[in-house]
Amino acid sequence: MSASATKITVATTWLDGCSGCHMSFLDMDERLVALAGQIDMVYSPLVDAKELPEQVDLGIIEGSVSNDDDFEKAKAFRKHCKFLISLGDCAVNGNVPAMRNAFKLDAVIERAYRENVDINPQIPTEGVPRLRQTVLPLHAVVPVDLYVPGCPPPADAIHFVLSELIAGRTPDSNELTRFGA
Amino acid sequence: MPLPTPASNVRVVTLRIDGQDLSAREDETIIEVCRENQIPIPSLCYLDGLSILGGCRLCLVELEGQNRLFAACSTRVAEGMHVITNTERLQRYRRTIVELLFAERNHVCSVCVSNGHCELQNLAQGCGVNHVHMPYRYHQYQVDSSHEMFRVDHNRCVLCTRCVRVCDEIEGAHTWDIMGRGSDCQVITDMARPWGDSTTCTSCGKCVQVCPTGALVKQGTSAGEMVKDQSFLPILARRRHQR
């Protein structure tokens, strides 16, 4: 068996969030070198792959489901990933993106693209996905296997979760992270 | 008054909590005995020095021989009582209560000045709440910044009424009260006037210090700075009562 055959395949994606969870992933620093020997990153904003493979061992999603594109990505990850992690407060509870839910969507769009714009105010319709009426946490759209809250979850928590999963155990990251951590 | 002066002829009872044999004064409640003996029981509305509300139900415990659950804050100890504080059923109920509180209002910890010093946030971590099963309400509540020193954010209120009780029982101003019913309840100042227009508020800040979340905060504090100090409360409560 080749070395790569023993590695688990990992895919990550970034929905409506700030990318802070992916930055926290990178904050594992030198531990990434050891991790690289155990995981194969097959799809992610951090690598150059354009297509989500048919079969992935571990899917990690950051960000809440805010638009049609987020919705499709969440569905695709659930379909192609054996194990799905909801990473960070946006994915786990909607966090800051979901704060717009207290307002009507039309009012939010009007505020963002017309009221606060001085030059050529217009609402974009081409090349951008349609915003959904309500921002939802990931588990409101697809079943999730593991939750790692935090804004962002500390690198230690992400490292612990990945190490435990690679070792074949189900991690409980509760000691290392919490909402808003 | 919140803390009645103990009568000199109060008897001592023996009871068992989580298999531990303990003695306590008969006028004590289960939560008081637990806190004295470092037995952890979560609570939001209970605070040493204030009258008992029994509203949050986080301190529910099981009593051997009884089917229903009892709030540890409002149940007095009794001779031979067997209390169980941490069963799978109690843990499940506590997690559900915490999740309902998160679902009911807008508790976005990452943009809260009390982030890192919030009792609700700590409770969630302690109870193992890492996500909320039920749908969020996304109801819009107001923020009142009209007071020159303090701010009330109703999005983060858990309706524990600590502010109402401390203002009434310790400060004696009774600026705070409750308006509405059910999940639409809201803490109000005077007759639902802006806090800054209140004629009864003494700006003592006791309500801010006892608030378990970021609902009541000092103006001008940034995220993580709003550390609350509640140590004054039992001392003041006892001194007030001794007069």
# chains A, B, ... in the order shown; residues from 1 in each chain; ligands from 1
>>> residues_around(residues="Gly196 (chain B)", least_positions_apart="6", cutoff="7 Å", atoms="only C-alpha atoms", output="NGL selection string")
:B and (146-148)
>>> interface_residues(of="chain B", to="chain A", cutoff="6 Å", atoms="only C-alpha atoms", output="list of chain:residue names")
B:Val108, B:Cys109, B:Ser110, B:Gln125, B:His131, B:Tyr138, B:His139, B:Gln140
>>> atom_distance(atom1="CA of Cys118 (chain B)", atom2="CA of Pro154 (chain A)")
18.7 Å
>>> residues_around(residues="Leu84 (chain A)", least_positions_apart="2", cutoff="9 Å", atoms="only C-alpha atoms", output="PDB file with N, CA, C and O atoms, in the first residue's frame")
ATOM      1  N   ASP A  57     -13.264  11.535   2.471  1.00  0.00           N
ATOM      2  CA  ASP A  57     -13.440  10.997   3.824  1.00  0.00           C
ATOM      3  C   ASP A  57     -14.008  12.045   4.775  1.00  0.00           C
ATOM      4  O   ASP A  57     -14.928  11.788   5.546  1.00  0.00           O
ATOM      5  N   LEU A  58     -13.420  13.239   4.737  1.00  0.00           N
ATOM      6  CA  LEU A  58     -13.766  14.255   5.734  1.00  0.00           C
ATOM      7  C   LEU A  58     -14.062  15.595   5.060  1.00  0.00           C
ATOM      8  O   LEU A  58     -13.216  16.121   4.329  1.00  0.00           O
ATOM      9  N   GLY A  59     -15.241  16.117   5.298  1.00  0.00           N
ATOM     10  CA  GLY A  59     -15.596  17.440   4.776  1.00  0.00           C
ATOM     11  C   GLY A  59     -15.653  18.442   5.920  1.00  0.00           C
ATOM     12  O   GLY A  59     -16.162  18.129   7.001  1.00  0.00           O
ATOM     13  N   ILE A  60     -15.108  19.628   5.685  1.00  0.00           N
ATOM     14  CA  ILE A  60     -15.124  20.672   6.717  1.00  0.00           C
ATOM     15  C   ILE A  60     -15.751  21.920   6.103  1.00  0.00           C
ATOM     16  O   ILE A  60     -15.267  22.418   5.081  1.00  0.00           O
ATOM     17  N   ILE A  61     -16.819  22.406   6.716  1.00  0.00           N
ATOM     18  CA  ILE A  61     -17.492  23.600   6.165  1.00  0.00           C
ATOM     19  C   ILE A  61     -17.427  24.747   7.150  1.00  0.00           C
ATOM     20  O   ILE A  61     -17.799  24.616   8.320  1.00  0.00           O
ATOM     21  N   PHE A  77     -21.361  18.810  -0.424  1.00  0.00           N
ATOM     22  CA  PHE A  77     -20.437  18.285   0.588  1.00  0.00           C
ATOM     23  C   PHE A  77     -21.078  17.117   1.334  1.00  0.00           C
ATOM     24  O   PHE A  77     -20.423  16.118   1.609  1.00  0.00           O
ATOM     25  N   ARG A  78     -22.344  17.271   1.675  1.00  0.00           N
ATOM     26  CA  ARG A  78     -23.008  16.182   2.397  1.00  0.00           C
ATOM     27  C   ARG A  78     -23.071  14.920   1.529  1.00  0.00           C
ATOM     28  O   ARG A  78     -22.913  13.804   2.014  1.00  0.00           O
ATOM     29  N   CYS A  81     -19.131  13.652   1.076  1.00  0.00           N
ATOM     30  CA  CYS A  81     -18.231  13.460   2.234  1.00  0.00           C
ATOM     31  C   CYS A  81     -18.831  12.443   3.197  1.00  0.00           C
ATOM     32  O   CYS A  81     -20.008  12.528   3.547  1.00  0.00           O
ATOM     33  N   LYS A  82     -17.976  11.525   3.631  1.00  0.00           N
ATOM     34  CA  LYS A  82     -18.460  10.509   4.572  1.00  0.00           C
ATOM     35  C   LYS A  82     -18.737  11.132   5.935  1.00  0.00           C
ATOM     36  O   LYS A  82     -19.671  10.744   6.620  1.00  0.00           O
ATOM     37  N   SER A  86     -19.019  20.857  11.010  1.00  0.00           N
ATOM     38  CA  SER A  86     -19.478  22.243  10.969  1.00  0.00           C
ATOM     39  C   SER A  86     -18.469  23.056  11.766  1.00  0.00           C
ATOM     40  O   SER A  86     -18.384  22.937  12.982  1.00  0.00           O
ATOM     41  N   PRO A 143     -27.554  17.264   7.387  1.00  0.00           N
ATOM     42  CA  PRO A 143     -27.105  16.670   8.653  1.00  0.00           C
ATOM     43  C   PRO A 143     -25.600  16.849   8.839  1.00  0.00           C
ATOM     44  O   PRO A 143     -24.838  16.753   7.874  1.00  0.00           O
ATOM     45  N   VAL A 144     -25.210  17.147  10.069  1.00  0.00           N
ATOM     46  CA  VAL A 144     -23.797  17.389  10.400  1.00  0.00           C
ATOM     47  C   VAL A 144     -23.351  16.330  11.399  1.00  0.00           C
ATOM     48  O   VAL A 144     -24.119  15.917  12.270  1.00  0.00           O
ATOM     49  N   ASP A 145     -22.102  15.865  11.263  1.00  0.00           N
ATOM     50  CA  ASP A 145     -21.607  14.806  12.152  1.00  0.00           C
ATOM     51  C   ASP A 145     -20.893  15.357  13.380  1.00  0.00           C
ATOM     52  O   ASP A 145     -20.899  14.739  14.434  1.00  0.00           O
ATOM     53  N   LEU A 146     -20.250  16.522  13.256  1.00  0.00           N
ATOM     54  CA  LEU A 146     -19.473  17.049  14.381  1.00  0.00           C
ATOM     55  C   LEU A 146     -19.490  18.581  14.349  1.00  0.00           C
ATOM     56  O   LEU A 146     -19.375  19.181  13.273  1.00  0.00           O
ATOM     57  N   TYR A 147     -19.639  19.177  15.521  1.00  0.00           N
ATOM     58  CA  TYR A 147     -19.695  20.643  15.619  1.00  0.00           C
ATOM     59  C   TYR A 147     -18.450  21.155  16.332  1.00  0.00           C
ATOM     60  O   TYR A 147     -18.108  20.662  17.410  1.00  0.00           O
TER      61      TYR A 147
END
>>> residues_around(residues="region 64-72 of chain B", least_positions_apart="3", cutoff="9 Å", atoms="only C-alpha atoms", output="JSON, numbers by chain")
{"B": [29, 30, 31, 32, 34, 41, 54, 55, 57, 58, 59, 60, 61, 75, 76, 81, 82, 83, 84, 85, 90]}
>>> atom_distance(atom1="CA of Leu52 (chain A)", atom2="CA of Leu26 (chain A)")
20.8 Å
